[in-house]
>>> print(open('structure_39.cif').read())   # mmCIF, C-alpha atoms and all ligand atoms
data_protein
#
loop_
_atom_site.label_atom_id
_atom_site.label_comp_id
_atom_site.auth_asym_id
_atom_site.auth_seq_id
_atom_site.Cartn_x
_atom_site.Cartn_y
_atom_site.Cartn_z
CA MET A 1 -5.24 13.51 -27.18
CA SER A 2 -7.65 12.95 -30.01
CA GLY A 3 -5.26 14.81 -32.31
CA SER A 4 -2.88 11.86 -32.45
CA ASN A 5 -3.53 8.60 -34.23
CA GLU A 6 -2.82 6.57 -31.15
CA ILE A 7 -5.54 4.34 -29.81
CA VAL A 8 -6.53 5.65 -26.39
CA ASN A 9 -6.97 3.22 -23.51
CA LEU A 10 -10.07 4.61 -21.82
CA LEU A 11 -9.09 2.91 -18.57
CA ASN A 12 -6.53 5.72 -18.25
CA LEU A 13 -9.19 8.42 -17.99
CA ASN A 14 -10.94 9.70 -14.89
CA ARG A 15 -14.26 11.49 -15.30
CA GLU A 16 -12.69 14.85 -16.07
CA ALA A 17 -10.26 13.43 -18.63
CA MET A 18 -12.99 11.29 -20.21
CA GLU A 19 -15.29 14.31 -20.54
CA SER A 20 -12.63 16.44 -22.16
CA TRP A 21 -11.63 13.65 -24.52
CA PHE A 22 -15.26 13.28 -25.63
CA THR A 23 -15.65 17.04 -25.91
CA GLU A 24 -12.59 17.21 -28.15
CA LEU A 25 -14.28 14.68 -30.40
CA GLY A 26 -17.33 16.91 -30.50
CA VAL A 27 -19.35 14.42 -28.47
CA LYS A 28 -21.48 15.47 -25.51
CA PRO A 29 -19.78 14.89 -22.12
CA PHE A 30 -22.88 13.01 -21.05
CA HIS A 31 -21.69 10.10 -23.17
CA ALA A 32 -18.34 10.15 -21.38
CA ARG A 33 -20.18 9.51 -18.14
CA GLN A 34 -22.12 6.63 -19.71
CA VAL A 35 -18.89 5.03 -20.88
CA LEU A 36 -17.23 5.50 -17.48
CA LYS A 37 -20.15 3.68 -15.91
CA TRP A 38 -20.06 0.84 -18.43
CA ILE A 39 -16.38 0.28 -17.87
CA HIS A 40 -16.21 0.44 -14.09
CA ARG A 41 -19.68 -0.39 -12.84
CA HIS A 42 -20.58 -3.05 -15.38
CA GLN A 43 -17.07 -4.24 -16.28
CA VAL A 44 -17.84 -3.91 -19.97
CA THR A 45 -14.85 -3.47 -22.29
CA ASP A 46 -16.59 -4.06 -25.62
CA PHE A 47 -18.10 -0.90 -27.09
CA ASP A 48 -20.78 -2.94 -28.87
CA ALA A 49 -22.15 -4.01 -25.51
CA MET A 50 -22.60 -0.37 -24.40
CA THR A 51 -26.17 -0.48 -25.53
CA ASP A 52 -27.29 3.01 -24.57
CA LEU A 53 -24.74 4.62 -26.91
CA GLY A 54 -25.81 5.26 -30.48
CA LYS A 55 -24.47 2.91 -33.13
CA ALA A 56 -22.49 5.64 -34.87
CA LEU A 57 -20.77 6.64 -31.65
CA ARG A 58 -19.95 3.04 -30.83
CA SER A 59 -18.26 2.43 -34.13
CA ARG A 60 -16.39 5.72 -33.86
CA LEU A 61 -15.12 4.72 -30.43
CA LYS A 62 -13.97 1.38 -31.79
CA GLY A 63 -11.70 3.19 -34.22
CA LEU A 64 -10.23 5.54 -31.65
CA ALA A 65 -10.17 3.78 -28.32
CA THR A 66 -9.94 0.55 -26.43
CA VAL A 67 -10.41 -0.66 -22.85
CA ARG A 68 -7.32 -2.68 -22.05
CA VAL A 69 -7.15 -4.33 -18.62
CA PRO A 70 -4.14 -6.03 -16.99
CA GLU A 71 -3.93 -9.77 -17.52
CA ILE A 72 -4.04 -12.22 -14.60
CA VAL A 73 -1.16 -14.68 -14.77
CA LEU A 74 -1.52 -16.20 -11.33
CA ASP A 75 -4.45 -16.33 -8.95
CA GLN A 76 -3.77 -17.54 -5.41
CA ARG A 77 -6.09 -17.88 -2.47
CA SER A 78 -4.90 -18.16 1.12
CA GLU A 79 -6.50 -20.37 3.76
CA ASP A 80 -7.73 -17.21 5.50
CA GLY A 81 -9.58 -15.97 2.39
CA THR A 82 -6.88 -13.53 1.31
CA HIS A 83 -6.61 -13.43 -2.45
CA LYS A 84 -3.54 -12.48 -4.48
CA TRP A 85 -3.39 -11.80 -8.19
CA LEU A 86 -0.21 -11.56 -10.16
CA LEU A 87 -0.87 -9.27 -13.10
CA GLU A 88 1.14 -9.03 -16.27
CA LEU A 89 1.54 -5.60 -17.80
CA VAL A 90 2.64 -4.72 -21.30
CA CYS A 91 6.45 -5.04 -21.54
CA GLY A 92 6.47 -8.10 -19.32
CA ASN A 93 6.56 -6.47 -15.91
CA ARG A 94 4.41 -8.01 -13.22
CA ILE A 95 2.70 -6.53 -10.19
CA GLU A 96 0.75 -7.98 -7.32
CA THR A 97 -2.63 -7.02 -5.92
CA VAL A 98 -4.03 -8.44 -2.70
CA TYR A 99 -7.61 -8.69 -1.41
CA ILE A 100 -8.04 -9.05 2.35
CA PRO A 101 -11.53 -9.96 3.61
CA ASP A 102 -12.45 -9.12 7.19
CA GLY A 103 -16.09 -9.70 8.14
CA ASP A 104 -18.27 -7.38 6.09
CA ARG A 105 -15.23 -5.39 5.04
CA GLY A 106 -12.93 -6.23 2.16
CA THR A 107 -9.73 -4.32 1.49
CA LEU A 108 -7.82 -4.29 -1.77
CA CYS A 109 -4.11 -3.52 -1.54
CA VAL A 110 -3.02 -1.88 -4.78
CA SER A 111 0.45 -1.26 -6.26
CA SER A 112 1.47 2.10 -7.73
CA GLN A 113 4.86 1.30 -9.28
CA VAL A 114 6.79 -1.64 -10.66
CA GLY A 115 9.29 -2.11 -7.84
CA CYS A 116 10.23 0.80 -5.61
CA ALA A 117 13.07 3.31 -5.47
CA LEU A 118 13.00 4.07 -1.76
CA ASP A 119 15.18 1.24 -0.47
CA CYS A 120 13.60 0.80 2.98
CA SER A 121 15.80 -1.75 4.74
CA PHE A 122 12.97 -4.03 5.93
CA CYS A 123 10.94 -4.25 2.71
CA SER A 124 11.33 -6.96 0.09
CA THR A 125 9.96 -4.78 -2.71
CA ALA A 126 13.04 -2.59 -2.15
CA GLN A 127 15.30 -5.50 -3.04
CA GLN A 128 13.68 -5.64 -6.46
CA GLY A 129 14.82 -2.19 -7.44
CA PHE A 130 12.67 0.18 -9.46
CA ASN A 131 11.46 -0.11 -13.01
CA ARG A 132 8.73 2.42 -13.71
CA ASN A 133 5.56 4.17 -12.65
CA LEU A 134 2.24 2.51 -13.34
CA SER A 135 -0.26 4.22 -15.63
CA VAL A 136 -3.75 5.15 -14.41
CA ALA A 137 -5.05 2.14 -16.34
CA GLU A 138 -2.64 -0.16 -14.55
CA ILE A 139 -3.54 1.22 -11.12
CA ILE A 140 -7.31 1.33 -11.55
CA GLY A 141 -7.02 -1.89 -13.59
CA GLN A 142 -6.16 -3.70 -10.35
CA VAL A 143 -9.47 -2.56 -8.85
CA TRP A 144 -11.25 -3.43 -12.08
CA VAL A 145 -9.83 -6.96 -12.08
CA ALA A 146 -10.62 -7.56 -8.39
CA HIS A 147 -14.15 -6.26 -8.91
CA ARG A 148 -14.64 -8.77 -11.71
CA GLU A 149 -13.03 -11.71 -9.92
CA LEU A 150 -14.53 -11.36 -6.44
CA GLN A 151 -17.60 -13.38 -5.52
CA GLN A 152 -20.91 -12.01 -4.25
CA ASP A 153 -19.92 -12.68 -0.64
CA GLU A 154 -16.59 -10.90 -1.04
CA PRO A 155 -17.30 -7.17 -0.77
CA LEU A 156 -14.78 -4.61 -1.94
CA THR A 157 -15.24 -1.80 0.57
CA ASN A 158 -11.76 -0.30 0.97
CA VAL A 159 -8.70 0.35 -1.16
CA VAL A 160 -5.24 0.95 0.26
CA LEU A 161 -2.30 2.09 -1.86
CA MET A 162 0.08 -0.06 0.13
CA GLY A 163 1.29 -2.51 -2.48
CA MET A 164 4.50 -2.14 -4.45
CA GLY A 165 5.86 1.36 -4.89
CA GLU A 166 5.75 4.82 -3.39
CA PRO A 167 2.46 6.36 -4.58
CA LEU A 168 3.52 9.97 -4.06
CA THR A 169 6.37 9.64 -6.55
CA ASN A 170 3.74 8.70 -9.16
CA PHE A 171 1.55 11.58 -8.11
CA ASP A 172 -0.68 12.47 -11.08
CA LYS A 173 -1.45 8.89 -12.07
CA VAL A 174 -2.23 7.88 -8.51
CA VAL A 175 -4.50 10.89 -7.93
CA ALA A 176 -6.43 10.23 -11.17
CA ALA A 177 -6.85 6.55 -10.25
CA MET A 178 -8.10 7.49 -6.78
CA ASP A 179 -10.60 9.87 -8.42
CA ILE A 180 -12.06 6.87 -10.24
CA MET A 181 -12.14 4.80 -7.02
CA CYS A 182 -14.21 7.53 -5.35
CA ASP A 183 -16.38 8.42 -8.36
CA ASP A 184 -20.06 7.51 -7.96
CA LEU A 185 -20.15 6.47 -11.60
CA ALA A 186 -17.33 4.02 -10.96
CA TYR A 187 -16.55 2.37 -7.60
CA GLY A 188 -18.14 5.06 -5.39
CA LEU A 189 -15.85 4.55 -2.39
CA SER A 190 -15.85 7.18 0.33
CA LYS A 191 -12.70 9.25 0.86
CA TYR A 192 -12.41 7.59 4.26
CA ARG A 193 -12.15 4.20 2.59
CA VAL A 194 -9.41 5.00 0.12
CA THR A 195 -6.04 5.25 1.85
CA LEU A 196 -2.75 6.33 0.37
CA SER A 197 0.29 5.05 2.22
CA THR A 198 3.52 7.01 1.93
CA ALA A 199 7.01 6.90 3.35
CA GLY A 200 6.69 10.69 3.59
CA ILE A 201 7.44 12.77 0.49
CA VAL A 202 6.72 16.07 2.26
CA PRO A 203 6.16 18.46 -0.69
CA ALA A 204 3.90 15.91 -2.39
CA LEU A 205 1.82 15.64 0.78
CA LYS A 206 1.15 19.34 0.59
CA ARG A 207 0.12 19.02 -3.05
CA LEU A 208 -2.07 16.04 -2.29
CA ARG A 209 -4.03 18.06 0.24
CA GLU A 210 -4.82 20.58 -2.49
CA VAL A 211 -6.18 18.11 -5.03
CA SER A 212 -7.56 15.20 -3.05
CA ASP A 213 -8.90 14.34 0.38
CA VAL A 214 -8.35 10.62 0.63
CA SER A 215 -7.17 9.09 3.88
CA LEU A 216 -3.51 9.04 4.69
CA ALA A 217 -1.22 6.42 6.16
CA VAL A 218 2.39 7.31 6.90
CA SER A 219 5.12 4.72 7.22
CA LEU A 220 6.88 6.08 10.27
CA HIS A 221 8.58 2.98 11.76
CA ALA A 222 10.91 4.90 14.07
CA PRO A 223 10.59 7.78 16.56
CA THR A 224 14.03 9.35 16.02
CA ASP A 225 15.76 10.64 12.92
CA GLN A 226 18.82 8.58 13.67
CA LEU A 227 16.91 5.31 13.58
CA ARG A 228 14.54 6.33 10.80
CA ASN A 229 17.47 7.33 8.56
CA GLU A 230 18.53 3.71 8.77
CA LEU A 231 15.13 2.11 8.15
CA VAL A 232 13.61 4.62 5.72
CA PRO A 233 16.50 6.39 3.92
CA LEU A 234 14.03 8.97 2.58
CA ASN A 235 14.14 10.42 6.10
CA ARG A 236 17.49 12.04 5.30
CA LYS A 237 15.69 14.25 2.87
CA TYR A 238 12.46 14.76 4.84
CA PRO A 239 13.15 14.31 8.56
CA ILE A 240 10.51 13.51 11.15
CA GLY A 241 9.90 17.12 12.24
CA GLU A 242 9.01 18.23 8.71
CA LEU A 243 6.95 15.12 8.10
CA MET A 244 4.89 15.64 11.25
CA ALA A 245 4.22 19.28 10.35
CA ALA A 246 2.97 18.13 6.92
CA CYS A 247 0.76 15.49 8.56
CA LYS A 248 -0.74 18.06 10.88
CA ALA A 249 -1.53 20.31 7.93
CA TYR A 250 -3.06 17.37 6.01
CA ALA A 251 -5.47 16.59 8.84
CA ALA A 252 -6.40 20.21 9.54
CA GLY A 253 -9.98 21.21 8.87
CA ASP A 254 -11.55 17.75 9.05
CA ARG A 255 -12.47 16.65 12.54
CA ARG A 256 -13.21 13.09 11.43
CA ARG A 257 -9.81 12.73 9.88
CA LYS A 258 -7.19 10.60 11.59
CA ILE A 259 -3.82 9.81 10.10
CA THR A 260 -2.63 6.24 10.40
CA PHE A 261 1.00 5.81 11.36
CA GLU A 262 2.45 2.48 10.33
CA TYR A 263 5.14 1.04 12.54
CA VAL A 264 6.79 -2.23 11.61
CA MET A 265 7.86 -4.19 14.70
CA LEU A 266 11.50 -5.22 14.34
CA ASP A 267 12.97 -7.31 17.11
CA GLY A 268 15.50 -5.32 19.17
CA VAL A 269 15.57 -2.45 16.65
CA ASN A 270 12.59 -0.14 17.19
CA ASP A 271 10.42 -2.02 19.69
CA SER A 272 11.72 -0.92 23.13
CA ASP A 273 9.65 0.82 25.82
CA ASP A 274 11.79 3.86 25.19
CA CYS A 275 10.87 3.88 21.50
CA ALA A 276 7.19 3.71 22.46
CA ARG A 277 7.57 6.70 24.77
CA GLN A 278 9.45 8.67 22.12
CA LEU A 279 6.76 7.81 19.60
CA ILE A 280 4.11 9.27 21.91
CA LYS A 281 6.02 12.55 21.94
CA VAL A 282 6.44 12.59 18.17
CA LEU A 283 2.69 12.10 17.63
CA ASN A 284 1.68 14.69 20.19
CA GLY A 285 -0.89 17.09 18.75
CA ILE A 286 -1.61 15.01 15.64
CA PRO A 287 -4.94 13.18 15.20
CA ALA A 288 -3.24 9.83 14.96
CA LYS A 289 -3.84 6.15 15.14
CA VAL A 290 -0.96 3.73 15.19
CA ASN A 291 -0.88 0.53 13.22
CA LEU A 292 1.74 -1.87 14.55
CA ILE A 293 2.81 -4.28 11.82
CA PRO A 294 4.58 -7.46 12.88
CA PHE A 295 7.58 -7.70 10.56
CA ASN A 296 7.07 -10.15 7.70
CA PRO A 297 10.31 -11.93 6.94
CA PHE A 298 11.59 -12.63 3.43
CA ASN A 299 14.69 -14.21 1.93
CA GLY A 300 17.79 -12.27 2.84
CA ALA A 301 16.07 -10.06 5.43
CA ARG A 302 18.34 -8.77 8.18
CA TYR A 303 15.57 -8.39 10.78
CA LYS A 304 13.37 -10.60 12.93
CA ARG A 305 9.79 -10.07 13.99
CA SER A 306 9.34 -8.75 17.55
CA PRO A 307 7.90 -11.35 19.91
CA GLN A 308 4.14 -11.04 20.49
CA SER A 309 4.67 -10.09 24.15
CA ARG A 310 6.89 -7.17 23.07
CA ILE A 311 4.33 -5.98 20.53
CA ASP A 312 1.60 -6.18 23.20
CA ARG A 313 3.69 -4.21 25.69
CA PHE A 314 4.55 -1.56 23.09
CA ARG A 315 0.90 -1.18 22.24
CA GLU A 316 -0.09 -0.93 25.87
CA ILE A 317 2.31 1.98 26.45
CA LEU A 318 0.80 3.84 23.50
CA MET A 319 -2.75 3.17 24.62
CA LYS A 320 -2.06 4.29 28.20
CA ALA A 321 -1.02 7.63 26.71
CA GLY A 322 -4.42 7.85 24.99
CA LEU A 323 -3.32 6.83 21.49
CA ILE A 324 -5.39 4.46 19.40
CA ALA A 325 -3.08 1.58 18.57
CA ILE A 326 -3.90 -1.65 16.82
CA THR A 327 -1.75 -4.57 15.82
CA ARG A 328 -2.24 -5.50 12.20
CA ARG A 329 -3.04 -9.15 11.82
CA THR A 330 -0.70 -10.89 9.44
CA ARG A 331 -2.81 -12.13 6.57
CA GLY A 332 -2.11 -14.31 3.60
CA ASP A 333 1.42 -15.23 4.62
CA ASP A 334 0.97 -18.75 3.21
CA ILE A 335 0.84 -17.14 -0.24
CA ASP A 336 3.43 -14.38 0.44
CA ALA A 337 0.74 -11.74 0.33
CA ALA A 338 1.60 -9.96 3.57
CA CYS A 339 2.94 -6.39 3.86
CA GLY A 340 6.36 -5.99 2.33
CA GLN A 341 6.29 -9.40 0.68
CA LEU A 342 4.95 -8.29 -2.67
CA VAL A 343 7.55 -8.69 -5.33
CA GLY A 344 5.96 -9.19 -8.72
CA ARG A 345 8.62 -9.18 -11.37
CA VAL A 346 10.72 -6.17 -12.13
CA ARG A 347 12.25 -6.24 -15.56
CA ASP A 348 15.22 -4.16 -16.65
CA LYS A 349 15.70 -2.55 -13.30
CA SER A 350 18.25 0.17 -13.41
CA ARG A 351 20.67 0.81 -10.62
CA ARG A 352 18.50 1.94 -7.75
CA GLN A 353 20.71 4.87 -6.84
CA LEU A 354 20.35 6.33 -10.28
CA ARG A 355 16.61 5.90 -10.36
CA GLN A 356 16.28 7.39 -6.94
CA GLU A 357 18.06 10.51 -8.04
CA VAL A 358 15.68 10.81 -10.94
CA SER A 359 12.50 10.16 -9.03
CA LEU A 360 13.33 12.03 -5.84
CA GLY A 361 15.30 14.88 -7.28
CA GLY A 362 18.67 14.09 -5.82
CA ILE A 363 18.18 12.18 -2.61
CA GLY A 364 20.78 9.70 -3.77
CA GLY A 365 23.48 12.33 -3.62
CA ARG A 366 22.81 13.10 0.02
CA ARG A 367 23.08 9.58 1.32
N1 LIG K 401 5.77 3.18 -0.15
C1 LIG K 401 4.57 3.21 0.62
C2 LIG K 401 3.61 2.07 0.37
C3 LIG K 401 4.17 0.67 0.28
S1 LIG K 401 4.64 -0.18 1.74
C4 LIG K 401 4.90 3.34 2.09
O1 LIG K 401 6.07 3.32 2.44
O2 LIG K 401 4.00 3.52 2.90
C5 LIG K 401 3.20 -0.58 2.61
C6 LIG K 401 3.45 -0.83 4.10
O3 LIG K 401 4.07 -2.12 4.36
C7 LIG K 401 4.40 0.20 4.68
O4 LIG K 401 3.98 0.66 5.92
C8 LIG K 401 5.66 -0.59 4.76
O5 LIG K 401 6.55 0.02 5.61
C9 LIG K 401 5.16 -1.95 5.22
N2 LIG K 401 6.15 -3.00 5.06
C10 LIG K 401 7.10 -3.08 4.13
N3 LIG K 401 7.85 -4.19 4.30
C11 LIG K 401 7.35 -4.85 5.36
C12 LIG K 401 7.69 -6.07 6.01
N4 LIG K 401 8.67 -6.85 5.58
N5 LIG K 401 6.94 -6.45 7.06
C13 LIG K 401 5.92 -5.67 7.49
N6 LIG K 401 5.56 -4.51 6.91
C14 LIG K 401 6.27 -4.09 5.86
#
>>> encode(input="structure_39.cif", output="structure tokens", more="lines below")
Ligand code: SAH
Amino acid sequence: MSGSNEIVNLLNLNREAMESWFTELGVKPFHARQVLKWIHRHQVTDFDAMTDLGKALRSRLKGLATVRVPEIVLDQRSEDGTHKWLLELVCGNRIETVYIPDGDRGTLCVSSQVGCALDCSFCSTAQQGFNRNLSVAEIIGQVWVAHRELQQDEPLTNVVLMGMGEPLTNFDKVVAAMDIMCDDLAYGLSKYRVTLSTAGIVPALKRLREVSDVSLAVSLHAPTDQLRNELVPLNRKYPIGELMAACKAYAAGDRRRKITFEYVMLDGVNDSDDCARQLIKVLNGIPAKVNLIPFNPFNGARYKRSPQSRIDRFREILMKAGLIAITRRTRGDDIDAACGQLVGRVRDKSRRQLRQEVSLGGIGGRR
């Protein structure tokens, strides 16, 4: 890295990468840890303000590196305290990050890609198409910005990778950014408070288990392959049986670990008593909790939200079978900050089919 003349954005580096970059420069890794702390704990981007580094090192860093954070172009606050930032990245793309306060808990919903290639039929990000993966700096930059912008009485206790994009198709960048979220020198969040949400890229789930132990949420949304193929086209490549086996393996060996299964409630589509009973069977033997998400409508959507009474009944059937099931409260819908409503701005999107083939290794061909 230090061999090239390119200025390095230190926001891209987790502890390990920062230490090796410093080592390559012939600088003690101890200083890498100091810098990591300055950037993420103290929100300092100016090397001159990193007062416990020697002057010579500071001026050397100035010549080689920078700390470049995403720029806020719009800052919206909902009546319920939900906060949404629209961030501009280099090359003009825009992504959205949402903060959701809830008592003494505060959850930041972070994006991992500009747009999304998966084409889930009920998600408005899908309509945007896919542009590109975010860098580590752009992913952790969302946490950095929120950390700077939030007030004293707005704690940041949890991060969920549930914004735009499919995090497991941007694997290395997402894992490195999650390292920084959990690092004591940075945001120090527990692995139980950082949650990656995936539509179910099975081989990547296996890899994730080997390199990380963050919490997992799986966007299930349907109890049969036939229905799930329609809602989450990725299911044609990784059907429910394979996905459940991977979930079981992910949870193995940690008794505290529960996997969250997200289930969007679509009126007359996946919300019948029968679907609830089939879902119970699918989740049998998996340490699961179910998160029922009332569908959030958007322009051009072909679905409607299930009535509250239907959602309650569905939940009751699950709970009678001993499953933990909660209904996610819809937050921030006055500022379009609810699940599936994040759109940002996707520039130069290529045809989705093409991108999908690239990012998923050929799923497009099987549809
Ligand atoms: N690609 C990842 C993360 C992004 S989606 C995944 O699929 O999990 C985050 C969550 O919001 C998913 O559970 C997704 O299915 C849900 N979601 C998407 N569109 C929605 C909508 N219109 N209403 C409610 N939930 C939605």
>>> residues_near_point(input="structure_39.cif", point="(-2.2, 4.7, -13.5)", cutoff="10 Å", atoms="all atoms listed in the file", output="list in words")
Leu11, Asn12, Leu13, Ser111, Ser112, Gln113, Asn133, Leu134, Ser135, Val136, Ala137, Glu138, Ile139, Ile140, Gly141, Gln142, Asn170, Phe171, Asp172, Lys173, Val174, Val175, Ala176, Ala177 and Met178 of chain A
>>> residues_near_ligand(input="structure_39.cif", ligand="ligand LIG 401 (chain K)", cutoff="8 Å", atoms="only C-alpha atoms and all ligand atoms", output="PDB file with C-alpha atoms, in the coordinates of the input")
ATOM      1  CA  SER A 111       0.450  -1.260  -6.260  1.00  0.00           C
ATOM      2  CA  CYS A 116      10.230   0.800  -5.610  1.00  0.00           C
ATOM      3  CA  LEU A 118      13.000   4.070  -1.760  1.00  0.00           C
ATOM      4  CA  CYS A 120      13.600   0.800   2.980  1.00  0.00           C
ATOM      5  CA  PHE A 122      12.970  -4.030   5.930  1.00  0.00           C
ATOM      6  CA  CYS A 123      10.940  -4.250   2.710  1.00  0.00           C
ATOM      7  CA  SER A 124      11.330  -6.960   0.090  1.00  0.00           C
ATOM      8  CA  THR A 125       9.960  -4.780  -2.710  1.00  0.00           C
ATOM      9  CA  LEU A 161      -2.300   2.090  -1.860  1.00  0.00           C
ATOM     10  CA  MET A 162       0.080  -0.060   0.130  1.00  0.00           C
ATOM     11  CA  GLY A 163       1.290  -2.510  -2.480  1.00  0.00           C
ATOM     12  CA  MET A 164       4.500  -2.140  -4.450  1.00  0.00           C
ATOM     13  CA  GLY A 165       5.860   1.360  -4.890  1.00  0.00           C
ATOM     14  CA  GLU A 166       5.750   4.820  -3.390  1.00  0.00           C
ATOM     15  CA  PRO A 167       2.460   6.360  -4.580  1.00  0.00           C
ATOM     16  CA  LEU A 196      -2.750   6.330   0.370  1.00  0.00           C
ATOM     17  CA  SER A 197       0.290   5.050   2.220  1.00  0.00           C
ATOM     18  CA  THR A 198       3.520   7.010   1.930  1.00  0.00           C
ATOM     19  CA  ALA A 199       7.010   6.900   3.350  1.00  0.00           C
ATOM     20  CA  GLY A 200       6.690  10.690   3.590  1.00  0.00           C
ATOM     21  CA  ALA A 217      -1.220   6.420   6.160  1.00  0.00           C
ATOM     22  CA  VAL A 218       2.390   7.310   6.900  1.00  0.00           C
ATOM     23  CA  SER A 219       5.120   4.720   7.220  1.00  0.00           C
ATOM     24  CA  LEU A 220       6.880   6.080  10.270  1.00  0.00           C
ATOM     25  CA  HIS A 221       8.580   2.980  11.760  1.00  0.00           C
ATOM     26  CA  GLU A 262       2.450   2.480  10.330  1.00  0.00           C
ATOM     27  CA  TYR A 263       5.140   1.040  12.540  1.00  0.00           C
ATOM     28  CA  VAL A 264       6.790  -2.230  11.610  1.00  0.00           C
ATOM     29  CA  MET A 265       7.860  -4.190  14.700  1.00  0.00           C
ATOM     30  CA  ILE A 293       2.810  -4.280  11.820  1.00  0.00           C
ATOM     31  CA  PRO A 294       4.580  -7.460  12.880  1.00  0.00           C
ATOM     32  CA  PHE A 295       7.580  -7.700  10.560  1.00  0.00           C
ATOM     33  CA  ASN A 296       7.070 -10.150   7.700  1.00  0.00           C
ATOM     34  CA  PRO A 297      10.310 -11.930   6.940  1.00  0.00           C
ATOM     35  CA  PHE A 298      11.590 -12.630   3.430  1.00  0.00           C
ATOM     36  CA  ALA A 338       1.600  -9.960   3.570  1.00  0.00           C
ATOM     37  CA  CYS A 339       2.940  -6.390   3.860  1.00  0.00           C
ATOM     38  CA  GLY A 340       6.360  -5.990   2.330  1.00  0.00           C
ATOM     39  CA  GLN A 341       6.290  -9.400   0.680  1.00  0.00           C
TER      40      GLN A 341
END
>>> atom_distance(input="structure_39.cif", atom1="atom CA of A:Ile259", atom2="atom CA of A:Leu216")
5.5 Å
>>> atom_distance(input="structure_39.cif", atom1="atom CA of A:Asp104", atom2="atom CA of A:Asp336")
23.5 Å
>>> atom_distance(input="structure_39.cif", atom1="atom CA of A:Arg310", atom2="atom CA of A:Lys258")
25.4 Å
>>> residues_around(input="structure_39.cif", residues="stretch 275-277 of chain A", least_positions_apart="3", cutoff="8 Å", atoms="all atoms listed in the file", output="short mmCIF file (atom, residue, chain, number, x, y, z; two decimals) with C-alpha atoms, in the coordinates of the input")
data_model
loop_
_atom_site.label_atom_id
_atom_site.label_comp_id
_atom_site.auth_asym_id
_atom_site.auth_seq_id
_atom_site.Cartn_x
_atom_site.Cartn_y
_atom_site.Cartn_z
CA ALA A 222 10.91 4.90 14.07
CA PRO A 223 10.59 7.78 16.56
CA ASN A 270 12.59 -0.14 17.19
CA ASP A 271 10.42 -2.02 19.69
CA SER A 272 11.72 -0.92 23.13
CA ILE A 280 4.11 9.27 21.91
CA LYS A 281 6.02 12.55 21.94
CA PHE A 314 4.55 -1.56 23.09
CA ARG A 315 0.90 -1.18 22.24
CA ILE A 317 2.31 1.98 26.45
CA LEU A 318 0.80 3.84 23.50
#
>>> residues_around(input="structure_39.cif", residues="stretch 46-49 of chain A", least_positions_apart="4", cutoff="9 Å", atoms="only C-alpha atoms", output="PDB file with C-alpha atoms, keeping the file's coordinate frame")
ATOM      1  CA  VAL A  35     -18.890   5.030 -20.880  1.00  0.00           C
ATOM      2  CA  TRP A  38     -20.060   0.840 -18.430  1.00  0.00           C
ATOM      3  CA  ILE A  39     -16.380   0.280 -17.870  1.00  0.00           C
ATOM      4  CA  LEU A  53     -24.740   4.620 -26.910  1.00  0.00           C
ATOM      5  CA  LYS A  55     -24.470   2.910 -33.130  1.00  0.00           C
ATOM      6  CA  ARG A  58     -19.950   3.040 -30.830  1.00  0.00           C
ATOM      7  CA  SER A  59     -18.260   2.430 -34.130  1.00  0.00           C
ATOM      8  CA  LEU A  61     -15.120   4.720 -30.430  1.00  0.00           C
ATOM      9  CA  LYS A  62     -13.970   1.380 -31.790  1.00  0.00           C
ATOM     10  CA  THR A  66      -9.940   0.550 -26.430  1.00  0.00           C
ATOM     11  CA  VAL A  67     -10.410  -0.660 -22.850  1.00  0.00           C
TER      12      VAL A  67
END
>>> closest_residue(input="structure_39.cif", among="A:Asp334, A:Asp183, A:Lys206, A:Pro70", to="A:Met244", atoms="only C-alpha atoms")
A:Lys206
>>> decode(input="structure_39.cif", residues="stretch 316-323 of chain A", atoms="N, CA and C atoms", output="mmCIF file, in the first residue's frame")
data_model
loop_
_atom_site.group_PDB
_atom_site.id
_atom_site.type_symbol
_atom_site.label_atom_id
_atom_site.label_comp_id
_atom_site.auth_asym_id
_atom_site.auth_seq_id
_atom_site.Cartn_x
_atom_site.Cartn_y
_atom_site.Cartn_z
ATOM 1 N N GLU A 316 -49.431 -14.386 16.815
ATOM 2 C CA GLU A 316 -49.979 -15.237 17.867
ATOM 3 C C GLU A 316 -49.735 -16.721 17.552
ATOM 4 N N ILE A 317 -49.922 -17.099 16.299
ATOM 5 C CA ILE A 317 -49.713 -18.504 15.900
ATOM 6 C C ILE A 317 -48.244 -18.891 16.150
ATOM 7 N N LEU A 318 -47.342 -17.987 15.795
ATOM 8 C CA LEU A 318 -45.915 -18.272 16.002
ATOM 9 C C LEU A 318 -45.608 -18.400 17.495
ATOM 10 N N MET A 319 -46.173 -17.496 18.279
ATOM 11 C CA MET A 319 -45.848 -17.484 19.707
ATOM 12 C C MET A 319 -46.424 -18.704 20.414
ATOM 13 N N LYS A 320 -47.603 -19.138 19.979
ATOM 14 C CA LYS A 320 -48.210 -20.347 20.574
ATOM 15 C C LYS A 320 -47.318 -21.558 20.346
ATOM 16 N N ALA A 321 -46.550 -21.529 19.260
ATOM 17 C CA ALA A 321 -45.643 -22.646 18.972
ATOM 18 C C ALA A 321 -44.308 -22.462 19.695
ATOM 19 N N GLY A 322 -44.204 -21.423 20.521
ATOM 20 C CA GLY A 322 -42.995 -21.229 21.324
ATOM 21 C C GLY A 322 -41.941 -20.354 20.657
ATOM 22 N N LEU A 323 -42.273 -19.762 19.516
ATOM 23 C CA LEU A 323 -41.290 -18.882 18.859
ATOM 24 C C LEU A 323 -41.359 -17.476 19.457
#
